[in-house]
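What's in target.txt: compact mmCIF, N, CA and C atoms
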```txt
# COMPACT_ATOMS: atom_id res chain seq x y z
N MET U 1 -5.96 -12.72 -1.70
CA MET U 1 -5.61 -11.33 -1.53
C MET U 1 -4.17 -11.11 -1.98
N SER U 2 -3.94 -10.07 -2.72
CA SER U 2 -2.62 -9.77 -3.27
C SER U 2 -1.76 -9.04 -2.23
N ASP U 3 -0.47 -9.26 -2.30
CA ASP U 3 0.44 -8.57 -1.38
C ASP U 3 0.95 -7.25 -1.96
N ARG U 4 0.45 -6.87 -3.11
CA ARG U 4 0.85 -5.61 -3.72
C ARG U 4 0.01 -4.47 -3.14
N PRO U 5 0.63 -3.30 -2.96
CA PRO U 5 -0.10 -2.18 -2.37
C PRO U 5 -1.11 -1.58 -3.34
N GLU U 6 -2.06 -0.89 -2.78
CA GLU U 6 -3.04 -0.20 -3.61
C GLU U 6 -2.36 0.99 -4.30
N PRO U 7 -3.00 1.56 -5.35
CA PRO U 7 -2.33 2.59 -6.16
C PRO U 7 -1.85 3.81 -5.36
N ARG U 8 -2.63 4.25 -4.37
CA ARG U 8 -2.22 5.42 -3.59
C ARG U 8 -0.94 5.14 -2.81
N LEU U 9 -0.84 3.96 -2.26
CA LEU U 9 0.36 3.56 -1.54
C LEU U 9 1.53 3.36 -2.50
N ARG U 10 1.24 2.92 -3.72
CA ARG U 10 2.29 2.71 -4.70
C ARG U 10 2.94 4.04 -5.10
N ILE U 11 2.16 5.11 -5.16
CA ILE U 11 2.71 6.43 -5.49
C ILE U 11 3.68 6.86 -4.39
N ARG U 12 3.29 6.63 -3.13
CA ARG U 12 4.19 6.93 -2.03
C ARG U 12 5.46 6.08 -2.11
N ARG U 13 5.30 4.83 -2.49
CA ARG U 13 6.45 3.93 -2.62
C ARG U 13 7.37 4.40 -3.75
N ASP U 14 6.80 4.94 -4.82
CA ASP U 14 7.63 5.47 -5.91
C ASP U 14 8.49 6.63 -5.42
N TRP U 15 7.92 7.52 -4.63
CA TRP U 15 8.70 8.64 -4.09
C TRP U 15 9.78 8.13 -3.14
N LEU U 16 9.48 7.11 -2.36
CA LEU U 16 10.49 6.53 -1.49
C LEU U 16 11.61 5.88 -2.30
N LEU U 17 11.27 5.27 -3.42
CA LEU U 17 12.29 4.69 -4.29
C LEU U 17 13.16 5.78 -4.92
N ILE U 18 12.58 6.88 -5.29
CA ILE U 18 13.37 8.00 -5.81
C ILE U 18 14.30 8.53 -4.73
N ALA U 19 13.81 8.62 -3.51
CA ALA U 19 14.66 9.04 -2.40
C ALA U 19 15.77 8.02 -2.15
N ALA U 20 15.43 6.74 -2.23
CA ALA U 20 16.44 5.70 -2.02
C ALA U 20 17.49 5.74 -3.12
N ALA U 21 17.09 6.03 -4.33
CA ALA U 21 18.04 6.10 -5.44
C ALA U 21 18.97 7.30 -5.32
N SER U 22 18.52 8.35 -4.65
CA SER U 22 19.35 9.56 -4.56
C SER U 22 20.13 9.67 -3.26
N MET U 23 19.86 8.83 -2.28
CA MET U 23 20.57 8.93 -1.00
C MET U 23 22.05 8.61 -1.12
N ALA U 24 22.42 7.52 -1.74
CA ALA U 24 23.83 7.15 -1.85
C ALA U 24 24.63 8.19 -2.65
N PRO U 25 24.15 8.67 -3.80
CA PRO U 25 24.92 9.72 -4.49
C PRO U 25 25.05 11.00 -3.68
N LEU U 26 23.99 11.38 -2.96
CA LEU U 26 24.07 12.59 -2.15
C LEU U 26 25.06 12.44 -1.00
N PHE U 27 25.06 11.29 -0.35
CA PHE U 27 26.00 11.09 0.75
C PHE U 27 27.43 10.95 0.23
N TRP U 28 27.63 10.40 -0.95
CA TRP U 28 28.97 10.34 -1.54
C TRP U 28 29.46 11.74 -1.84
N LEU U 29 28.59 12.57 -2.42
CA LEU U 29 28.94 13.96 -2.70
C LEU U 29 29.25 14.70 -1.40
N GLY U 30 28.42 14.48 -0.38
CA GLY U 30 28.68 15.11 0.91
C GLY U 30 29.99 14.64 1.53
N GLN U 31 30.30 13.37 1.36
CA GLN U 31 31.55 12.82 1.88
C GLN U 31 32.74 13.50 1.20
N LEU U 32 32.69 13.66 -0.10
CA LEU U 32 33.78 14.32 -0.82
C LEU U 32 33.90 15.79 -0.44
N MET U 33 32.78 16.49 -0.40
CA MET U 33 32.83 17.91 -0.07
C MET U 33 33.28 18.14 1.36
N LEU U 34 32.79 17.34 2.29
CA LEU U 34 33.19 17.48 3.68
C LEU U 34 34.68 17.16 3.84
N GLY U 35 35.13 16.11 3.18
CA GLY U 35 36.54 15.75 3.27
C GLY U 35 37.46 16.85 2.75
N TYR U 36 37.13 17.41 1.61
CA TYR U 36 37.96 18.47 1.05
C TYR U 36 37.90 19.73 1.91
N PHE U 37 36.71 20.12 2.32
CA PHE U 37 36.56 21.36 3.08
C PHE U 37 37.21 21.27 4.46
N VAL U 38 36.92 20.21 5.18
CA VAL U 38 37.42 20.10 6.55
C VAL U 38 38.93 19.93 6.57
N SER U 39 39.45 19.09 5.70
CA SER U 39 40.91 18.91 5.70
C SER U 39 41.62 20.18 5.22
N ALA U 40 41.05 20.90 4.29
CA ALA U 40 41.67 22.15 3.84
C ALA U 40 41.66 23.20 4.96
N ARG U 41 40.56 23.28 5.68
CA ARG U 41 40.47 24.25 6.78
C ARG U 41 41.37 23.87 7.94
N ALA U 42 41.49 22.58 8.22
CA ALA U 42 42.31 22.13 9.35
C ALA U 42 43.80 22.24 9.02
N CYS U 43 44.17 21.92 7.81
CA CYS U 43 45.59 21.91 7.44
C CYS U 43 46.11 23.31 7.10
N TYR U 44 45.26 24.16 6.55
CA TYR U 44 45.66 25.52 6.19
C TYR U 44 44.64 26.52 6.75
N PRO U 45 44.68 26.76 8.08
CA PRO U 45 43.70 27.70 8.65
C PRO U 45 43.98 29.15 8.29
N GLY U 46 45.19 29.44 7.87
CA GLY U 46 45.56 30.81 7.49
C GLY U 46 46.52 30.77 6.32
N ASP U 47 47.51 31.64 6.40
CA ASP U 47 48.51 31.70 5.33
C ASP U 47 49.53 30.58 5.41
N HIS U 48 49.71 30.02 6.59
CA HIS U 48 50.73 28.99 6.79
C HIS U 48 50.06 27.69 7.20
N PRO U 49 50.65 26.56 6.83
CA PRO U 49 50.05 25.27 7.22
C PRO U 49 50.08 25.07 8.72
N ALA U 50 49.08 24.35 9.21
CA ALA U 50 48.97 24.04 10.63
C ALA U 50 49.80 22.80 10.94
N GLY U 51 50.07 22.59 12.19
CA GLY U 51 50.79 21.39 12.61
C GLY U 51 49.86 20.19 12.64
N THR U 52 50.42 19.03 12.92
CA THR U 52 49.61 17.81 12.94
C THR U 52 48.71 17.72 14.15
N SER U 53 48.95 18.53 15.19
CA SER U 53 48.08 18.49 16.38
C SER U 53 46.71 19.07 16.09
N ALA U 54 46.57 19.83 15.03
CA ALA U 54 45.28 20.45 14.71
C ALA U 54 44.29 19.47 14.10
N VAL U 55 44.74 18.29 13.72
CA VAL U 55 43.86 17.38 13.00
C VAL U 55 43.49 16.14 13.81
N THR U 56 43.63 16.16 15.12
CA THR U 56 43.33 14.97 15.92
C THR U 56 41.84 14.64 15.90
N GLY U 57 40.99 15.62 16.07
CA GLY U 57 39.55 15.38 16.04
C GLY U 57 38.98 15.29 14.64
N LEU U 58 39.73 15.77 13.67
CA LEU U 58 39.27 15.76 12.28
C LEU U 58 39.09 14.34 11.76
N ARG U 59 40.02 13.47 12.04
CA ARG U 59 39.94 12.09 11.57
C ARG U 59 38.71 11.40 12.14
N ALA U 60 38.40 11.64 13.41
CA ALA U 60 37.22 11.03 14.03
C ALA U 60 35.92 11.55 13.42
N ALA U 61 35.87 12.85 13.14
CA ALA U 61 34.67 13.42 12.53
C ALA U 61 34.46 12.88 11.12
N MET U 62 35.53 12.75 10.37
CA MET U 62 35.41 12.22 9.02
C MET U 62 35.01 10.74 9.04
N MET U 63 35.52 9.99 10.00
CA MET U 63 35.15 8.57 10.13
C MET U 63 33.67 8.42 10.50
N ALA U 64 33.18 9.31 11.36
CA ALA U 64 31.77 9.25 11.74
C ALA U 64 30.88 9.52 10.53
N PHE U 65 31.23 10.52 9.73
CA PHE U 65 30.43 10.79 8.54
C PHE U 65 30.54 9.65 7.53
N ASP U 66 31.72 9.05 7.41
CA ASP U 66 31.88 7.90 6.52
C ASP U 66 30.99 6.75 6.96
N ALA U 67 30.93 6.49 8.26
CA ALA U 67 30.09 5.41 8.77
C ALA U 67 28.61 5.69 8.52
N ILE U 68 28.20 6.93 8.70
CA ILE U 68 26.81 7.30 8.43
C ILE U 68 26.49 7.15 6.94
N ALA U 69 27.41 7.56 6.09
CA ALA U 69 27.20 7.44 4.64
C ALA U 69 27.07 5.98 4.23
N ILE U 70 27.90 5.11 4.80
CA ILE U 70 27.82 3.68 4.48
C ILE U 70 26.49 3.11 4.96
N ALA U 71 26.07 3.46 6.17
CA ALA U 71 24.81 2.94 6.72
C ALA U 71 23.61 3.40 5.90
N VAL U 72 23.59 4.67 5.50
CA VAL U 72 22.47 5.18 4.69
C VAL U 72 22.45 4.51 3.33
N ALA U 73 23.59 4.33 2.71
CA ALA U 73 23.65 3.69 1.40
C ALA U 73 23.18 2.24 1.47
N ILE U 74 23.58 1.53 2.52
CA ILE U 74 23.13 0.13 2.68
C ILE U 74 21.63 0.08 2.91
N ALA U 75 21.11 0.97 3.75
CA ALA U 75 19.66 0.98 4.02
C ALA U 75 18.87 1.31 2.75
N ALA U 76 19.33 2.29 1.99
CA ALA U 76 18.64 2.64 0.74
C ALA U 76 18.70 1.50 -0.26
N GLY U 77 19.84 0.83 -0.34
CA GLY U 77 19.97 -0.31 -1.26
C GLY U 77 19.08 -1.47 -0.86
N LEU U 78 18.99 -1.74 0.43
CA LEU U 78 18.11 -2.81 0.90
C LEU U 78 16.65 -2.50 0.61
N TYR U 79 16.25 -1.25 0.84
CA TYR U 79 14.86 -0.87 0.55
C TYR U 79 14.56 -1.04 -0.95
N ALA U 80 15.48 -0.62 -1.80
CA ALA U 80 15.27 -0.74 -3.24
C ALA U 80 15.24 -2.21 -3.66
N ALA U 81 16.11 -3.03 -3.08
CA ALA U 81 16.13 -4.46 -3.44
C ALA U 81 14.86 -5.16 -3.00
N VAL U 82 14.37 -4.84 -1.82
CA VAL U 82 13.12 -5.45 -1.34
C VAL U 82 11.95 -5.00 -2.23
N SER U 83 11.94 -3.74 -2.61
CA SER U 83 10.88 -3.25 -3.50
C SER U 83 10.95 -3.94 -4.86
N TRP U 84 12.15 -4.14 -5.38
CA TRP U 84 12.28 -4.83 -6.66
C TRP U 84 11.78 -6.26 -6.56
N ARG U 85 12.10 -6.96 -5.47
CA ARG U 85 11.63 -8.33 -5.31
C ARG U 85 10.11 -8.40 -5.21
N MET U 86 9.49 -7.38 -4.62
CA MET U 86 8.04 -7.38 -4.50
C MET U 86 7.36 -7.24 -5.86
N TYR U 87 7.97 -6.49 -6.77
CA TYR U 87 7.36 -6.23 -8.08
C TYR U 87 7.99 -7.02 -9.21
N ARG U 88 8.85 -7.98 -8.94
CA ARG U 88 9.61 -8.60 -10.03
C ARG U 88 8.77 -9.46 -10.96
N THR U 89 7.60 -9.94 -10.57
CA THR U 89 6.76 -10.75 -11.45
C THR U 89 5.54 -10.01 -11.94
N SER U 90 5.51 -8.70 -11.80
CA SER U 90 4.32 -7.94 -12.17
C SER U 90 4.19 -7.84 -13.69
N THR U 91 2.95 -7.74 -14.13
CA THR U 91 2.66 -7.56 -15.56
C THR U 91 1.90 -6.27 -15.82
N ASN U 92 1.48 -5.59 -14.77
CA ASN U 92 0.79 -4.32 -14.90
C ASN U 92 1.80 -3.24 -15.32
N GLY U 93 1.38 -2.33 -16.18
CA GLY U 93 2.29 -1.31 -16.69
C GLY U 93 2.85 -0.40 -15.61
N ALA U 94 2.01 0.06 -14.67
CA ALA U 94 2.49 0.93 -13.60
C ALA U 94 3.43 0.17 -12.67
N GLU U 95 3.12 -1.09 -12.41
CA GLU U 95 3.98 -1.88 -11.54
C GLU U 95 5.30 -2.21 -12.22
N GLU U 96 5.29 -2.34 -13.54
CA GLU U 96 6.55 -2.56 -14.25
C GLU U 96 7.44 -1.33 -14.18
N ALA U 97 6.83 -0.15 -14.21
CA ALA U 97 7.61 1.08 -14.06
C ALA U 97 8.21 1.17 -12.66
N THR U 98 7.44 0.78 -11.67
CA THR U 98 7.96 0.76 -10.30
C THR U 98 9.06 -0.27 -10.16
N ARG U 99 8.92 -1.41 -10.81
CA ARG U 99 9.95 -2.44 -10.77
C ARG U 99 11.24 -1.92 -11.42
N PHE U 100 11.12 -1.23 -12.55
CA PHE U 100 12.30 -0.66 -13.20
C PHE U 100 12.97 0.38 -12.30
N LEU U 101 12.17 1.23 -11.66
CA LEU U 101 12.72 2.23 -10.75
C LEU U 101 13.43 1.55 -9.58
N ALA U 102 12.85 0.49 -9.06
CA ALA U 102 13.47 -0.23 -7.94
C ALA U 102 14.78 -0.88 -8.38
N LEU U 103 14.81 -1.46 -9.57
CA LEU U 103 16.04 -2.07 -10.06
C LEU U 103 17.11 -1.01 -10.30
N TRP U 104 16.73 0.10 -10.89
CA TRP U 104 17.66 1.19 -11.12
C TRP U 104 18.19 1.74 -9.81
N ALA U 105 17.32 1.89 -8.81
CA ALA U 105 17.75 2.39 -7.50
C ALA U 105 18.71 1.41 -6.85
N SER U 106 18.45 0.11 -6.99
CA SER U 106 19.36 -0.89 -6.41
C SER U 106 20.74 -0.81 -7.05
N LEU U 107 20.80 -0.74 -8.37
CA LEU U 107 22.08 -0.69 -9.05
C LEU U 107 22.83 0.61 -8.79
N ALA U 108 22.12 1.73 -8.80
CA ALA U 108 22.76 3.02 -8.53
C ALA U 108 23.30 3.06 -7.11
N THR U 109 22.54 2.54 -6.17
CA THR U 109 22.99 2.53 -4.79
C THR U 109 24.21 1.63 -4.62
N LEU U 110 24.22 0.51 -5.31
CA LEU U 110 25.36 -0.39 -5.24
C LEU U 110 26.64 0.27 -5.79
N ILE U 111 26.50 0.97 -6.89
CA ILE U 111 27.65 1.65 -7.49
C ILE U 111 28.17 2.75 -6.56
N PHE U 112 27.27 3.56 -6.02
CA PHE U 112 27.71 4.64 -5.14
C PHE U 112 28.14 4.14 -3.78
N LEU U 113 27.64 2.99 -3.34
CA LEU U 113 28.16 2.39 -2.12
C LEU U 113 29.62 2.01 -2.31
N ALA U 114 29.95 1.47 -3.47
CA ALA U 114 31.35 1.17 -3.76
C ALA U 114 32.19 2.44 -3.76
N ALA U 115 31.67 3.52 -4.32
CA ALA U 115 32.41 4.79 -4.32
C ALA U 115 32.59 5.31 -2.89
N ILE U 116 31.56 5.17 -2.05
CA ILE U 116 31.67 5.59 -0.66
C ILE U 116 32.72 4.76 0.07
N LEU U 117 32.73 3.45 -0.18
CA LEU U 117 33.71 2.59 0.47
C LEU U 117 35.13 2.93 0.03
N PHE U 118 35.33 3.18 -1.25
CA PHE U 118 36.66 3.56 -1.72
C PHE U 118 37.10 4.91 -1.14
N SER U 119 36.16 5.85 -1.04
CA SER U 119 36.50 7.14 -0.45
C SER U 119 36.82 6.99 1.04
N THR U 120 36.11 6.09 1.71
CA THR U 120 36.38 5.84 3.12
C THR U 120 37.78 5.25 3.31
N ILE U 121 38.11 4.28 2.49
CA ILE U 121 39.45 3.68 2.58
C ILE U 121 40.52 4.73 2.29
N THR U 122 40.28 5.57 1.32
CA THR U 122 41.24 6.62 0.99
C THR U 122 41.40 7.60 2.13
N SER U 123 40.29 8.01 2.76
CA SER U 123 40.40 8.97 3.86
C SER U 123 41.05 8.34 5.09
N MET U 124 40.95 7.02 5.25
CA MET U 124 41.60 6.38 6.39
C MET U 124 43.10 6.22 6.17
N GLU U 125 43.51 5.97 4.95
CA GLU U 125 44.90 5.65 4.67
C GLU U 125 45.76 6.83 4.26
N THR U 126 45.16 7.93 3.88
CA THR U 126 45.92 9.08 3.41
C THR U 126 46.21 10.03 4.57
N PRO U 127 47.45 10.44 4.75
CA PRO U 127 47.75 11.42 5.79
C PRO U 127 47.11 12.76 5.42
N LEU U 128 46.57 13.45 6.43
CA LEU U 128 45.81 14.65 6.16
C LEU U 128 46.70 15.86 5.85
N CYS U 129 47.62 16.17 6.72
CA CYS U 129 48.43 17.38 6.54
C CYS U 129 49.89 17.01 6.42
N ASN U 130 50.40 16.99 5.23
CA ASN U 130 51.83 16.73 5.00
C ASN U 130 52.43 17.84 4.18
```

Write-out of the structure in structure tokens:
Amino acid sequence: MSDRPEPRLRIRRDWLLIAAASMAPLFWLGQLMLGYFVSARACYPGDHPAGTSAVTGLRAAMMAFDAIAIAVAIAAGLYAAVSWRMYRTSTNGAEEATRFLALWASLATLIFLAAILFSTITSMETPLCN
């Protein structure tokens, strides 16, 4: 008995791979947009800049989103890598397409995980309102 899924399950797996490939870029984009929006609103709530006391909870909220983005990117990358390993010796045309999608999802997730990590380091080390 083969450990490969039947075709109907493979179609569902392809959609999950597409979701896995897009999770890290979406969370990286969300991380950038949230960082810019929240820090801009906290530092300049009106015409004049706010003091540093206005940003005490901001750093914690940004760190929480950073941690969630890292966790989602790692989970998506692991799912894509496991899927690639399952199909890596396939010779069927549809399974080769799924293998390519899994490899592409793994590499894209790895690249955007690095971007998320660099953005996290930047948001931790950069003063918010100066």

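Relative to atom N of U:Met23, atom N of U:Ser83 is found at 14.9 Å.
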
Contacts of U:Leu103 within 6 Å, only N, CA and C atoms, excl. fewer than 4 positions in-chain, as a ChimeraX atom specification: /U:80,84,98-99,107-108

Rows by chain and residue number, stretch 29-76 of chain U within 10 Å of stretch 113-116 of chain U, shortest pair, only C-alpha atoms, as JSON lines:
```
{"residue": "U:Leu29", "atom": "CA", "partner": "U:Ile116", "partner_atom": "CA", "distance": 9.0}
{"residue": "U:Gln31", "atom": "CA", "partner": "U:Ile116", "partner_atom": "CA", "distance": 7.7}
{"residue": "U:Leu32", "atom": "CA", "partner": "U:Ile116", "partner_atom": "CA", "distance": 9.0}
{"residue": "U:Asp66", "atom": "CA", "partner": "U:Ile116", "partner_atom": "CA", "distance": 7.5}
{"residue": "U:Ala67", "atom": "CA", "partner": "U:Ile116", "partner_atom": "CA", "distance": 9.6}
{"residue": "U:Ala69", "atom": "CA", "partner": "U:Ile116", "partner_atom": "CA", "distance": 7.2}
{"residue": "U:Ile70", "atom": "CA", "partner": "U:Ile116", "partner_atom": "CA", "distance": 6.7}
{"residue": "U:Ala71", "atom": "CA", "partner": "U:Leu113", "partner_atom": "CA", "distance": 9.5}
{"residue": "U:Val72", "atom": "CA", "partner": "U:Leu113", "partner_atom": "CA", "distance": 9.3}
{"residue": "U:Ala73", "atom": "CA", "partner": "U:Leu113", "partner_atom": "CA", "distance": 5.9}
{"residue": "U:Ile74", "atom": "CA", "partner": "U:Leu113", "partner_atom": "CA", "distance": 7.3}
{"residue": "U:Ala76", "atom": "CA", "partner": "U:Leu113", "partner_atom": "CA", "distance": 9.9}
```

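Straight-line separation from atom CA of U:Gly93 to atom CA of U:Trp15: 17.3 Å.
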
I'd like to know which residues of chain U are helix (DSSP H, G or I) (by DSSP, run on the backbone); could you write them as a ChimeraX atom specification? /U:7-43,52-87,93-125

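With atom CA of U:Thr126 on one side and atom CA of U:Leu110 on the other, the separation reads 24.2 Å.
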
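Take the candidates U:Trp28, U:Tyr87, U:Tyr36, U:Tyr44 and check each one against U:Ala102 using only C-alpha atoms; the shortest distance goes to U:Tyr87.
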
I need the residue nearest U:Leu128 from this list: U:Ile111, U:Ser39, U:Gly46, U:Glu95. Use all atoms listed in the file for the distance. U:Ser39

Give the answer as one residue: which of U:Ala75, U:Glu96, U:Ile121, U:Thr91 has the shortest atom-to-atom distance to U:Ala21, using only C-alpha atoms? U:Ala75

Please determine, counting all atoms listed in the file, which residue among U:Leu16, U:Leu117, U:Leu26, U:Ala42 has the shortest atom-to-atom distance to U:Leu58. U:Ala42

Between U:Met124, U:Ala40, U:Met62, U:Ala105, which is the closest to U:Ser22 once you count only N, CA and C atoms? U:Ala105
